[in-house]
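A.B. asks: File name my_file-v2.pdb; file contents PDB, C-alpha atoms, pLDDT in the B column; full text below.
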```
ATOM      1  CA  MET A   1       0.000   0.000   0.000  1.00 40.00           C
ATOM      2  CA  SER A   2       1.286   3.448  -0.866  1.00 40.00           C
ATOM      3  CA  LYS A   3       1.670   6.191   1.692  1.00 44.00           C
ATOM      4  CA  SER A   4      -1.392   7.825   0.156  1.00 41.00           C
ATOM      5  CA  GLY A   5      -3.508   5.132   1.745  1.00 39.00           C
ATOM      6  CA  GLN A   6      -2.084   5.657   5.224  1.00 37.00           C
ATOM      7  CA  GLY A   7      -1.894   8.400   7.807  1.00 45.00           C
ATOM      8  CA  VAL A   8      -4.595  10.972   8.321  1.00 54.00           C
ATOM      9  CA  PHE A   9      -6.617   9.790   5.332  1.00 63.00           C
ATOM     10  CA  ASP A  10      -7.492   6.170   4.670  1.00 81.00           C
ATOM     11  CA  LEU A  11      -7.798   6.396   0.923  1.00 90.00           C
ATOM     12  CA  GLY A  12      -8.033   2.686   0.189  1.00 92.00           C
ATOM     13  CA  ALA A  13     -11.785   2.539  -0.440  1.00 94.00           C
ATOM     14  CA  ASP A  14     -11.789   5.745  -2.463  1.00 95.00           C
ATOM     15  CA  LYS A  15      -8.891   4.477  -4.565  1.00 97.00           C
ATOM     16  CA  ALA A  16     -10.734   1.233  -5.245  1.00 96.00           C
ATOM     17  CA  ARG A  17     -13.819   3.150  -6.397  1.00 96.00           C
ATOM     18  CA  ALA A  18     -11.730   5.354  -8.658  1.00 97.00           C
ATOM     19  CA  LEU A  19      -9.897   2.473 -10.304  1.00 97.00           C
ATOM     20  CA  ALA A  20     -13.183   0.619 -10.799  1.00 97.00           C
ATOM     21  CA  LEU A  21     -14.446   3.666 -12.711  1.00 96.00           C
ATOM     22  CA  CYS A  22     -11.210   4.107 -14.661  1.00 97.00           C
ATOM     23  CA  PRO A  23      -9.058   0.940 -14.677  1.00 97.00           C
ATOM     24  CA  VAL A  24      -5.333   1.383 -15.282  1.00 98.00           C
ATOM     25  CA  SER A  25      -2.244  -0.805 -15.565  1.00 97.00           C
ATOM     26  CA  ARG A  26      -0.173  -1.702 -12.517  1.00 97.00           C
ATOM     27  CA  GLU A  27       2.592   0.617 -13.721  1.00 97.00           C
ATOM     28  CA  THR A  28       0.153   3.513 -14.043  1.00 98.00           C
ATOM     29  CA  GLU A  29      -1.318   2.773 -10.622  1.00 98.00           C
ATOM     30  CA  THR A  30       2.172   3.010  -9.122  1.00 98.00           C
ATOM     31  CA  ARG A  31       2.744   6.392 -10.749  1.00 98.00           C
ATOM     32  CA  LEU A  32      -0.641   7.619  -9.519  1.00 98.00           C
ATOM     33  CA  ASP A  33       0.211   6.510  -5.975  1.00 97.00           C
ATOM     34  CA  MET A  34       3.349   8.653  -6.236  1.00 98.00           C
ATOM     35  CA  LEU A  35       1.296  11.592  -7.482  1.00 98.00           C
ATOM     36  CA  VAL A  36      -1.142  11.371  -4.572  1.00 97.00           C
ATOM     37  CA  ASP A  37       1.728  11.113  -2.101  1.00 96.00           C
ATOM     38  CA  VAL A  38       3.487  14.233  -3.397  1.00 97.00           C
ATOM     39  CA  LEU A  39       0.187  16.121  -3.590  1.00 96.00           C
ATOM     40  CA  LEU A  40      -0.638  15.368   0.057  1.00 94.00           C
ATOM     41  CA  LEU A  41       2.876  16.415   1.077  1.00 94.00           C
ATOM     42  CA  TRP A  42       2.747  19.740  -0.759  1.00 95.00           C
ATOM     43  CA  GLN A  43      -0.834  20.365   0.306  1.00 94.00           C
ATOM     44  CA  LYS A  44       0.516  20.910   3.827  1.00 90.00           C
ATOM     45  CA  LYS A  45       2.390  23.980   2.543  1.00 89.00           C
ATOM     46  CA  PHE A  46       0.237  25.192  -0.348  1.00 89.00           C
ATOM     47  CA  ASN A  47      -3.482  25.107  -0.970  1.00 88.00           C
ATOM     48  CA  LEU A  48      -3.315  23.095  -4.196  1.00 93.00           C
ATOM     49  CA  VAL A  49      -6.806  21.571  -3.985  1.00 93.00           C
ATOM     50  CA  ALA A  50      -9.782  22.215  -1.733  1.00 90.00           C
ATOM     51  CA  SER A  51      -9.089  20.491   1.590  1.00 90.00           C
ATOM     52  CA  SER A  52     -12.635  19.117   1.583  1.00 90.00           C
ATOM     53  CA  THR A  53     -11.762  16.965  -1.452  1.00 91.00           C
ATOM     54  CA  LEU A  54      -8.683  15.266  -0.001  1.00 91.00           C
ATOM     55  CA  LYS A  55     -10.548  12.291   1.466  1.00 93.00           C
ATOM     56  CA  GLU A  56     -11.842  11.588  -2.039  1.00 94.00           C
ATOM     57  CA  VAL A  57      -8.733  12.584  -3.950  1.00 96.00           C
ATOM     58  CA  TRP A  58      -8.830   9.419  -6.055  1.00 97.00           C
ATOM     59  CA  THR A  59     -12.410   9.808  -7.268  1.00 96.00           C
ATOM     60  CA  ARG A  60     -12.644  13.631  -7.241  1.00 95.00           C
ATOM     61  CA  HIS A  61      -9.320  14.256  -8.941  1.00 97.00           C
ATOM     62  CA  ILE A  62      -7.612  11.124 -10.294  1.00 98.00           C
ATOM     63  CA  ALA A  63     -10.605   9.331 -11.858  1.00 97.00           C
ATOM     64  CA  ASP A  64     -12.128  12.650 -12.900  1.00 97.00           C
ATOM     65  CA  SER A  65      -8.945  13.220 -14.923  1.00 98.00           C
ATOM     66  CA  LEU A  66      -8.486   9.692 -16.287  1.00 98.00           C
ATOM     67  CA  GLN A  67     -11.999   9.551 -17.753  1.00 98.00           C
ATOM     68  CA  LEU A  68     -10.928  12.038 -20.422  1.00 98.00           C
ATOM     69  CA  LEU A  69      -8.680   9.402 -21.987  1.00 98.00           C
ATOM     70  CA  THR A  70     -11.676   7.403 -23.204  1.00 96.00           C
ATOM     71  CA  LEU A  71     -12.862  10.424 -25.201  1.00 97.00           C
ATOM     72  CA  ALA A  72      -9.597  10.662 -27.160  1.00 97.00           C
ATOM     73  CA  PRO A  73      -8.051   7.185 -27.014  1.00 96.00           C
ATOM     74  CA  GLU A  74      -5.613   7.759 -29.884  1.00 96.00           C
ATOM     75  CA  ALA A  75      -4.328  11.125 -28.641  1.00 98.00           C
ATOM     76  CA  ARG A  76      -0.717  11.245 -27.542  1.00 98.00           C
ATOM     77  CA  VAL A  77       0.031  14.973 -27.221  1.00 98.00           C
ATOM     78  CA  TRP A  78      -2.101  16.943 -24.774  1.00 98.00           C
ATOM     79  CA  ALA A  79      -2.073  20.552 -23.597  1.00 98.00           C
ATOM     80  CA  ASP A  80      -3.527  21.175 -20.137  1.00 98.00           C
ATOM     81  CA  PHE A  81      -4.292  24.841 -19.481  1.00 97.00           C
ATOM     82  CA  GLY A  82      -4.119  26.057 -15.878  1.00 96.00           C
ATOM     83  CA  SER A  83      -2.752  22.750 -14.621  1.00 96.00           C
ATOM     84  CA  GLY A  84      -2.629  23.907 -10.989  1.00 94.00           C
ATOM     85  CA  ALA A  85      -2.400  20.769  -8.863  1.00 95.00           C
ATOM     86  CA  GLY A  86      -1.810  18.664 -11.964  1.00 97.00           C
ATOM     87  CA  PHE A  87      -5.359  17.724 -12.923  1.00 97.00           C
ATOM     88  CA  PRO A  88      -6.167  16.430 -15.413  1.00 98.00           C
ATOM     89  CA  GLY A  89      -2.716  16.624 -17.017  1.00 98.00           C
ATOM     90  CA  ILE A  90      -0.501  14.508 -14.762  1.00 98.00           C
ATOM     91  CA  PRO A  91      -2.860  11.500 -14.354  1.00 98.00           C
ATOM     92  CA  ILE A  92      -3.223  11.507 -18.150  1.00 98.00           C
ATOM     93  CA  ALA A  93       0.567  11.630 -18.534  1.00 98.00           C
ATOM     94  CA  CYS A  94       0.929   8.768 -16.039  1.00 98.00           C
ATOM     95  CA  ALA A  95      -1.461   6.667 -18.112  1.00 98.00           C
ATOM     96  CA  LEU A  96       0.359   7.510 -21.365  1.00 98.00           C
ATOM     97  CA  ALA A  97       3.846   6.770 -19.997  1.00 97.00           C
ATOM     98  CA  GLY A  98       5.723   4.354 -22.222  1.00 92.00           C
ATOM     99  CA  GLN A  99       3.640   5.049 -25.310  1.00 96.00           C
ATOM    100  CA  PRO A 100       5.631   6.374 -28.297  1.00 96.00           C
ATOM    101  CA  GLY A 101       5.307  10.114 -28.770  1.00 96.00           C
ATOM    102  CA  ALA A 102       3.388  10.698 -25.542  1.00 98.00           C
ATOM    103  CA  GLN A 103       3.736  14.211 -24.160  1.00 98.00           C
ATOM    104  CA  VAL A 104       1.540  16.355 -21.923  1.00 98.00           C
ATOM    105  CA  HIS A 105       2.143  20.098 -21.803  1.00 98.00           C
ATOM    106  CA  LEU A 106       1.259  21.505 -18.378  1.00 98.00           C
ATOM    107  CA  ILE A 107       0.630  25.246 -18.637  1.00 97.00           C
ATOM    108  CA  GLU A 108       0.513  27.132 -15.339  1.00 97.00           C
ATOM    109  CA  SER A 109       0.995  30.864 -14.684  1.00 95.00           C
ATOM    110  CA  VAL A 110       1.326  30.698 -10.868  1.00 95.00           C
ATOM    111  CA  GLY A 111       4.939  30.174  -9.839  1.00 95.00           C
ATOM    112  CA  LYS A 112       4.462  27.974  -6.772  1.00 95.00           C
ATOM    113  CA  LYS A 113       2.051  25.727  -8.659  1.00 96.00           C
ATOM    114  CA  ALA A 114       4.492  25.420 -11.563  1.00 97.00           C
ATOM    115  CA  THR A 115       7.159  24.414  -9.038  1.00 97.00           C
ATOM    116  CA  PHE A 116       4.852  21.735  -7.633  1.00 97.00           C
ATOM    117  CA  LEU A 117       4.084  20.458 -11.122  1.00 98.00           C
ATOM    118  CA  ARG A 118       7.791  20.058 -11.895  1.00 98.00           C
ATOM    119  CA  GLU A 119       8.264  18.080  -8.697  1.00 98.00           C
ATOM    120  CA  ALA A 120       5.241  15.873  -9.430  1.00 98.00           C
ATOM    121  CA  VAL A 121       6.538  15.177 -12.942  1.00 98.00           C
ATOM    122  CA  ARG A 122       9.980  14.332 -11.523  1.00 98.00           C
ATOM    123  CA  VAL A 123       8.577  11.993  -8.877  1.00 98.00           C
ATOM    124  CA  THR A 124       6.172  10.148 -11.173  1.00 98.00           C
ATOM    125  CA  GLY A 125       8.419  10.049 -14.221  1.00 97.00           C
ATOM    126  CA  ALA A 126       5.409  10.970 -16.344  1.00 98.00           C
ATOM    127  CA  PRO A 127       6.009  12.248 -19.903  1.00 98.00           C
ATOM    128  CA  ALA A 128       5.102  15.864 -19.224  1.00 98.00           C
ATOM    129  CA  VAL A 129       6.730  19.263 -19.469  1.00 97.00           C
ATOM    130  CA  VAL A 130       5.802  22.322 -17.394  1.00 98.00           C
ATOM    131  CA  HIS A 131       5.382  25.731 -19.008  1.00 97.00           C
ATOM    132  CA  HIS A 132       5.348  28.598 -16.515  1.00 97.00           C
ATOM    133  CA  GLU A 133       3.229  30.972 -18.589  1.00 96.00           C
ATOM    134  CA  ARG A 134      -0.335  31.956 -19.359  1.00 94.00           C
ATOM    135  CA  ALA A 135      -2.469  29.795 -21.602  1.00 93.00           C
ATOM    136  CA  GLU A 136      -2.860  32.628 -24.102  1.00 90.00           C
ATOM    137  CA  LYS A 137       0.895  32.965 -24.547  1.00 91.00           C
ATOM    138  CA  PHE A 138       1.346  29.223 -24.962  1.00 93.00           C
ATOM    139  CA  GLY A 139      -1.358  29.159 -27.614  1.00 87.00           C
ATOM    140  CA  GLU A 140       0.369  31.953 -29.527  1.00 86.00           C
ATOM    141  CA  SER A 141       3.872  30.464 -29.345  1.00 88.00           C
ATOM    142  CA  CYS A 142       3.437  26.672 -29.543  1.00 89.00           C
ATOM    143  CA  ALA A 143       3.850  25.377 -33.096  1.00 85.00           C
ATOM    144  CA  GLU A 144       3.861  21.703 -32.076  1.00 88.00           C
ATOM    145  CA  THR A 145       0.994  19.456 -33.093  1.00 93.00           C
ATOM    146  CA  VAL A 146      -1.384  19.011 -30.145  1.00 97.00           C
ATOM    147  CA  HIS A 147      -4.113  16.374 -30.254  1.00 98.00           C
ATOM    148  CA  VAL A 148      -6.163  17.436 -27.224  1.00 98.00           C
ATOM    149  CA  VAL A 149      -6.571  20.677 -25.302  1.00 98.00           C
ATOM    150  CA  THR A 150      -8.078  20.441 -21.837  1.00 98.00           C
ATOM    151  CA  ALA A 151      -8.658  22.606 -18.779  1.00 97.00           C
ATOM    152  CA  ARG A 152     -10.349  21.856 -15.479  1.00 94.00           C
ATOM    153  CA  ALA A 153     -11.885  24.527 -13.220  1.00 85.00           C
ATOM    154  CA  LEU A 154      -9.962  27.269 -15.014  1.00 90.00           C
ATOM    155  CA  ALA A 155     -12.354  29.615 -16.795  1.00 92.00           C
ATOM    156  CA  PRO A 156     -15.773  29.914 -18.454  1.00 95.00           C
ATOM    157  CA  LEU A 157     -16.176  28.007 -21.708  1.00 96.00           C
ATOM    158  CA  LYS A 158     -16.102  31.184 -23.809  1.00 96.00           C
ATOM    159  CA  THR A 159     -12.635  32.012 -22.436  1.00 96.00           C
ATOM    160  CA  LEU A 160     -11.456  28.441 -22.958  1.00 96.00           C
ATOM    161  CA  CYS A 161     -12.543  28.687 -26.590  1.00 96.00           C
ATOM    162  CA  ASP A 162     -10.469  31.872 -26.935  1.00 95.00           C
ATOM    163  CA  GLN A 163      -7.425  30.119 -25.481  1.00 95.00           C
ATOM    164  CA  ALA A 164      -7.817  26.801 -27.291  1.00 95.00           C
ATOM    165  CA  PHE A 165      -8.686  28.141 -30.741  1.00 96.00           C
ATOM    166  CA  PRO A 166      -5.087  28.065 -32.075  1.00 95.00           C
ATOM    167  CA  PHE A 167      -5.019  24.305 -31.468  1.00 96.00           C
ATOM    168  CA  ILE A 168      -8.613  23.331 -32.288  1.00 96.00           C
ATOM    169  CA  SER A 169      -8.315  25.260 -35.570  1.00 95.00           C
ATOM    170  CA  ARG A 170      -5.414  22.914 -36.421  1.00 94.00           C
ATOM    171  CA  GLY A 171      -7.336  19.743 -35.616  1.00 95.00           C
ATOM    172  CA  ALA A 172      -7.099  19.326 -31.848  1.00 97.00           C
ATOM    173  CA  VAL A 173     -10.106  18.279 -29.778  1.00 98.00           C
ATOM    174  CA  GLY A 174     -11.151  20.333 -26.753  1.00 98.00           C
ATOM    175  CA  LEU A 175     -12.142  18.368 -23.639  1.00 98.00           C
ATOM    176  CA  PHE A 176     -13.446  20.610 -20.894  1.00 98.00           C
ATOM    177  CA  PRO A 177     -14.963  19.202 -17.657  1.00 97.00           C
ATOM    178  CA  LYS A 178     -17.821  21.409 -16.498  1.00 96.00           C
ATOM    179  CA  GLY A 179     -20.299  21.537 -13.622  1.00 92.00           C
ATOM    180  CA  GLN A 180     -24.007  22.213 -13.339  1.00 90.00           C
ATOM    181  CA  HIS A 181     -23.863  25.553 -15.198  1.00 92.00           C
ATOM    182  CA  VAL A 182     -22.598  23.975 -18.417  1.00 95.00           C
ATOM    183  CA  ASP A 183     -25.673  24.914 -20.482  1.00 96.00           C
ATOM    184  CA  ALA A 184     -25.362  28.582 -19.567  1.00 96.00           C
ATOM    185  CA  GLU A 185     -21.666  28.503 -20.491  1.00 96.00           C
ATOM    186  CA  LEU A 186     -22.449  26.889 -23.844  1.00 97.00           C
ATOM    187  CA  THR A 187     -25.085  29.537 -24.547  1.00 96.00           C
ATOM    188  CA  ASP A 188     -22.648  32.333 -23.739  1.00 97.00           C
ATOM    189  CA  ALA A 189     -19.832  30.815 -25.819  1.00 97.00           C
ATOM    190  CA  ALA A 190     -22.196  30.489 -28.784  1.00 96.00           C
ATOM    191  CA  LYS A 191     -22.533  34.301 -28.855  1.00 97.00           C
ATOM    192  CA  TYR A 192     -18.900  34.529 -29.952  1.00 97.00           C
ATOM    193  CA  TRP A 193     -18.066  31.154 -31.478  1.00 97.00           C
ATOM    194  CA  ARG A 194     -19.617  28.725 -33.929  1.00 96.00           C
ATOM    195  CA  LEU A 195     -18.764  25.503 -32.153  1.00 95.00           C
ATOM    196  CA  GLU A 196     -19.424  21.842 -32.751  1.00 95.00           C
ATOM    197  CA  ALA A 197     -19.876  20.676 -29.179  1.00 96.00           C
ATOM    198  CA  LEU A 198     -21.078  17.536 -27.440  1.00 96.00           C
ATOM    199  CA  LYS A 199     -21.888  17.045 -23.756  1.00 96.00           C
ATOM    200  CA  VAL A 200     -20.759  13.754 -22.204  1.00 97.00           C
ATOM    201  CA  HIS A 201     -21.909  12.814 -18.711  1.00 95.00           C
ATOM    202  CA  SER A 202     -19.142  12.588 -16.142  1.00 95.00           C
ATOM    203  CA  ARG A 203     -18.419   9.180 -14.641  1.00 93.00           C
ATOM    204  CA  THR A 204     -17.499  10.726 -11.301  1.00 93.00           C
ATOM    205  CA  SER A 205     -20.225  13.339 -10.709  1.00 90.00           C
ATOM    206  CA  PRO A 206     -23.884  13.091 -11.746  1.00 89.00           C
ATOM    207  CA  SER A 207     -24.170  16.894 -11.955  1.00 91.00           C
ATOM    208  CA  SER A 208     -21.100  17.315 -14.169  1.00 94.00           C
ATOM    209  CA  SER A 209     -20.369  16.944 -17.859  1.00 96.00           C
ATOM    210  CA  ILE A 210     -17.438  17.020 -20.237  1.00 98.00           C
ATOM    211  CA  VAL A 211     -17.801  19.391 -23.172  1.00 98.00           C
ATOM    212  CA  VAL A 212     -16.188  17.915 -26.287  1.00 98.00           C
ATOM    213  CA  ILE A 213     -15.376  20.523 -28.942  1.00 98.00           C
ATOM    214  CA  ARG A 214     -14.264  19.250 -32.361  1.00 96.00           C
ATOM    215  CA  SER A 215     -14.787  22.376 -34.446  1.00 96.00           C
ATOM    216  CA  LEU A 216     -14.490  26.025 -33.519  1.00 96.00           C
ATOM    217  CA  ARG A 217     -14.824  29.142 -35.659  1.00 95.00           C
ATOM    218  CA  PRO A 218     -15.261  32.764 -34.619  1.00 95.00           C
ATOM    219  CA  LEU A 219     -18.553  34.424 -35.515  1.00 94.00           C
TER     220      LEU A 219
END
```
For the file at hand, write its structure as structure tokens.
C.D. replies:
Amino acid sequence: MSKSGQGVFDLGADKARALALCPVSRETETRLDMLVDVLLLWQKKFNLVASSTLKEVWTRHIADSLQLLTLAPEARVWADFGSGAGFPGIPIACALAGQPGAQVHLIESVGKKATFLREAVRVTGAPAVVHHERAEKFGESCAETVHVVTARALAPLKTLCDQAFPFISRGAVGLFPKGQHVDAELTDAAKYWRLEALKVHSRTSPSSSIVVIRSLRPL
């Protein structure tokens, strides 16, 4: 058992639920254990995630991230805007480790969070690189082919469309987890963008959805 299942939080049952929702290989599970351990350690110094979610870190954060993989199973290069505590980018990178061409770009503008992300990538050995910059700047400067753009709890959908357009216009898919106000966000985004969007129910929260954007054009 990893350290993440010991101590203040007994995470064993939550981990089992998460891996039942989103099964992974033994190697990926080991990397995810390392991620949870380093997150709990840094959480003591920095408020990386809401403290109320720690007892369910596996279902609320790990599985919530891993479920995106099923929506883009062939994707190998991901860009995660506003990575923060590493979700969904690092769990996705852990799952892609060992696959040819796998790379997850973690874009984070807050210095202490970028420092945490670098440590989490080092500890897990996940195929990810941290960019300490704003999502807008990364979108303007990155010429690399990106298959998926994602962001979790970062900004309204209209803003995410603004940030992701450079990649979606070149063929990337946008995968954006959203909560109960998703319809209002879609309505607002549609005032500025002509978007081909699909809502997929979240596996981890009955009130949440994942917005899948495959085409995006400004009005």
A.B. asks: Name the residues captured by the PyMOL selection byres ((chain A and resi 204) around 8) when it is applied to the shown file; answer as an MDAnalysis selection string.
C.D. replies: chainID A and resid 21 59:60 63:64 202:203 205:206
A.B. asks: Write to file, as an mmCIF file, keeping the file's coordinate frame, the residues of the selection just made, with C-alpha atoms.
C.D. replies:
```
data_model
loop_
_atom_site.group_PDB
_atom_site.id
_atom_site.type_symbol
_atom_site.label_atom_id
_atom_site.label_comp_id
_atom_site.auth_asym_id
_atom_site.auth_seq_id
_atom_site.Cartn_x
_atom_site.Cartn_y
_atom_site.Cartn_z
ATOM 1 C CA LEU A 21 -14.446 3.666 -12.711
ATOM 2 C CA THR A 59 -12.410 9.808 -7.268
ATOM 3 C CA ARG A 60 -12.644 13.631 -7.241
ATOM 4 C CA ALA A 63 -10.605 9.331 -11.858
ATOM 5 C CA ASP A 64 -12.128 12.650 -12.900
ATOM 6 C CA SER A 202 -19.142 12.588 -16.142
ATOM 7 C CA ARG A 203 -18.419 9.180 -14.641
ATOM 8 C CA SER A 205 -20.225 13.339 -10.709
ATOM 9 C CA PRO A 206 -23.884 13.091 -11.746
#
```
A.B. asks: Taking the file as I've supplied it (selection: the PyMOL selection byres ((chain A and resi 83-98) around 6)), which residues are included? Please answer as a list in words.
C.D. replies: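 Applying the PyMOL selection byres ((chain A and resi 83-98) around 6) to the structure shown produces Thr28, Leu48, Ser65, Leu66, Asp80, Phe81, Gly82, Gln99, Val104, Leu106, Ile107, Glu108, Lys113, Ala126 and Pro127 of chain A.
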A.B. asks: Quick one: pull the distance between atom CA of Pro177 of chain A and atom CA of Leu19 of chain A, Å, one decimal.
C.D. replies: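 According to the coordinates, atom CA of Pro177 of chain A and atom CA of Leu19 of chain A are separated by 19.0 Å.
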A.B. asks: Of the candidates A:Thr124, A:Gln67, A:Val49, A:Pro156, which shows the shortest atom-to-atom distance to Glu29 of chain A, using only C-alpha atoms?
C.D. replies: A:Thr124
A.B. asks: Neighbouring residues of Arg76 of chain A were defined as those with any atom within 7 Å, considering all atoms listed in the file; residues of the same chain fewer than 5 positions away were excluded. Please report them as a count of residues only.
C.D. replies: 4
A.B. asks: Pick from A:Arg31, A:Arg26, A:Lys112, A:Lys199: nearest to Gln43 of chain A, with all atoms listed in the file counted?
C.D. replies: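 Going through A:Arg31, A:Arg26, A:Lys112, A:Lys199 one by one, the smallest distance to Gln43 of chain A is for A:Lys112.
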A.B. asks: Could you jot down the atom CA of Trp58 of chain A to atom CA of Ala79 of chain A separation for me, Å, one decimal place?
C.D. replies: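 It comes out at 21.8 Å.
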A.B. asks: What do you get, as number ranges by chain, if you spell out every residue that the PyMOL selection byres ((chain A and resi 38) around 12) selects here?
C.D. replies: A: 2-4, 31-37, 39-46, 48, 85-86, 116-124
A.B. asks: Scan for residues within 10 Å of the point (-4.1, 10.9, -30.8) in the coordinates of the file, using all atoms listed in the file, and reply as a list in words.
C.D. replies: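 Here the neighbourhood of the point contains Ala72, Pro73, Glu74, Ala75, Arg76, Val77, Trp78, Gly101, Ala102, Val146, His147, Val148, Ala172 and Val173 of chain A.
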A.B. asks: Would you mind reading off the distance between atom CA of Glu140 of chain A and atom CA of Leu186 of chain A, one decimal, in Å?
C.D. replies: 24.1 Å
A.B. asks: Set the distance at 10 Å and use only C-alpha atoms: which residues neighbour Val182 of chain A once local chain neighbours fewer than 5 positions away are removed? I'd like the list as a list in words.
C.D. replies: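 In the requested format, the answer is Pro156, Leu157, Pro177, Thr187, Asp188, Lys199, Ser207, Ser208, Ser209, Ile210 and Val211 of chain A.
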A.B. asks: How would the residues just chosen look if you wrote them out with C-alpha atoms as an mmCIF file, keeping the file's coordinate frame?
C.D. replies:
```
data_model
loop_
_atom_site.group_PDB
_atom_site.id
_atom_site.type_symbol
_atom_site.label_atom_id
_atom_site.label_comp_id
_atom_site.auth_asym_id
_atom_site.auth_seq_id
_atom_site.Cartn_x
_atom_site.Cartn_y
_atom_site.Cartn_z
ATOM 1 C CA PRO A 156 -15.773 29.914 -18.454
ATOM 2 C CA LEU A 157 -16.176 28.007 -21.708
ATOM 3 C CA PRO A 177 -14.963 19.202 -17.657
ATOM 4 C CA THR A 187 -25.085 29.537 -24.547
ATOM 5 C CA ASP A 188 -22.648 32.333 -23.739
ATOM 6 C CA LYS A 199 -21.888 17.045 -23.756
ATOM 7 C CA SER A 207 -24.170 16.894 -11.955
ATOM 8 C CA SER A 208 -21.100 17.315 -14.169
ATOM 9 C CA SER A 209 -20.369 16.944 -17.859
ATOM 10 C CA ILE A 210 -17.438 17.020 -20.237
ATOM 11 C CA VAL A 211 -17.801 19.391 -23.172
#
```
A.B. asks: Report as a list of chain:residue names all protein, DNA and RNA residues lying within 12 Å of segment 136-139 of chain A, evaluated on all atoms listed in the file, omitting residues in the same chain fewer than 4 positions from it.
C.D. replies: A:Ala79, A:Asp80, A:Phe81, A:Gly82, A:His105, A:Leu106, A:Ile107, A:Glu108, A:Ser109, A:Val130, A:His131, A:His132, A:Ala143, A:Glu144, A:Thr145, A:Val146, A:Val149, A:Thr159, A:Leu160, A:Cys161, A:Asp162, A:Gln163, A:Ala164, A:Phe165, A:Pro166, A:Phe167, A:Ile168, A:Ser169, A:Arg170
A.B. asks: Write segment 156-161 of chain A as a compact mmCIF listing (two decimals), in the frame of the given file, completed to all heavy atoms.
C.D. replies:
```
# COMPACT_ATOMS: atom_id res chain seq x y z
N PRO A 156 -14.55 30.20 -17.71
CA PRO A 156 -15.77 29.91 -18.45
C PRO A 156 -15.45 29.38 -19.85
O PRO A 156 -14.37 29.63 -20.40
CB PRO A 156 -16.47 31.28 -18.53
CG PRO A 156 -15.90 32.06 -17.41
CD PRO A 156 -14.48 31.60 -17.26
N LEU A 157 -16.40 28.67 -20.43
CA LEU A 157 -16.18 28.01 -21.71
C LEU A 157 -15.82 29.00 -22.81
O LEU A 157 -14.98 28.71 -23.67
CB LEU A 157 -17.42 27.21 -22.10
CG LEU A 157 -17.27 26.28 -23.31
CD1 LEU A 157 -16.19 25.24 -23.06
CD2 LEU A 157 -18.60 25.60 -23.60
N LYS A 158 -16.42 30.19 -22.79
CA LYS A 158 -16.10 31.18 -23.81
C LYS A 158 -14.62 31.52 -23.77
O LYS A 158 -13.95 31.61 -24.81
CB LYS A 158 -16.95 32.44 -23.58
CG LYS A 158 -16.83 33.50 -24.68
CD LYS A 158 -15.70 34.46 -24.42
CE LYS A 158 -15.53 35.46 -25.57
NZ LYS A 158 -14.35 36.34 -25.38
N THR A 159 -14.06 31.71 -22.58
CA THR A 159 -12.64 32.01 -22.44
C THR A 159 -11.78 30.83 -22.88
O THR A 159 -10.74 31.01 -23.53
CB THR A 159 -12.31 32.38 -20.98
OG1 THR A 159 -13.09 33.52 -20.60
CG2 THR A 159 -10.84 32.71 -20.80
N LEU A 160 -12.20 29.63 -22.54
CA LEU A 160 -11.46 28.44 -22.96
C LEU A 160 -11.43 28.32 -24.48
O LEU A 160 -10.42 27.91 -25.06
CB LEU A 160 -12.07 27.19 -22.34
CG LEU A 160 -12.01 27.11 -20.82
CD1 LEU A 160 -12.69 25.83 -20.33
CD2 LEU A 160 -10.57 27.14 -20.32
N CYS A 161 -12.53 28.68 -25.12
CA CYS A 161 -12.54 28.69 -26.59
C CYS A 161 -11.52 29.68 -27.13
O CYS A 161 -10.80 29.39 -28.09
CB CYS A 161 -13.93 29.02 -27.11
SG CYS A 161 -15.17 27.73 -26.88
```
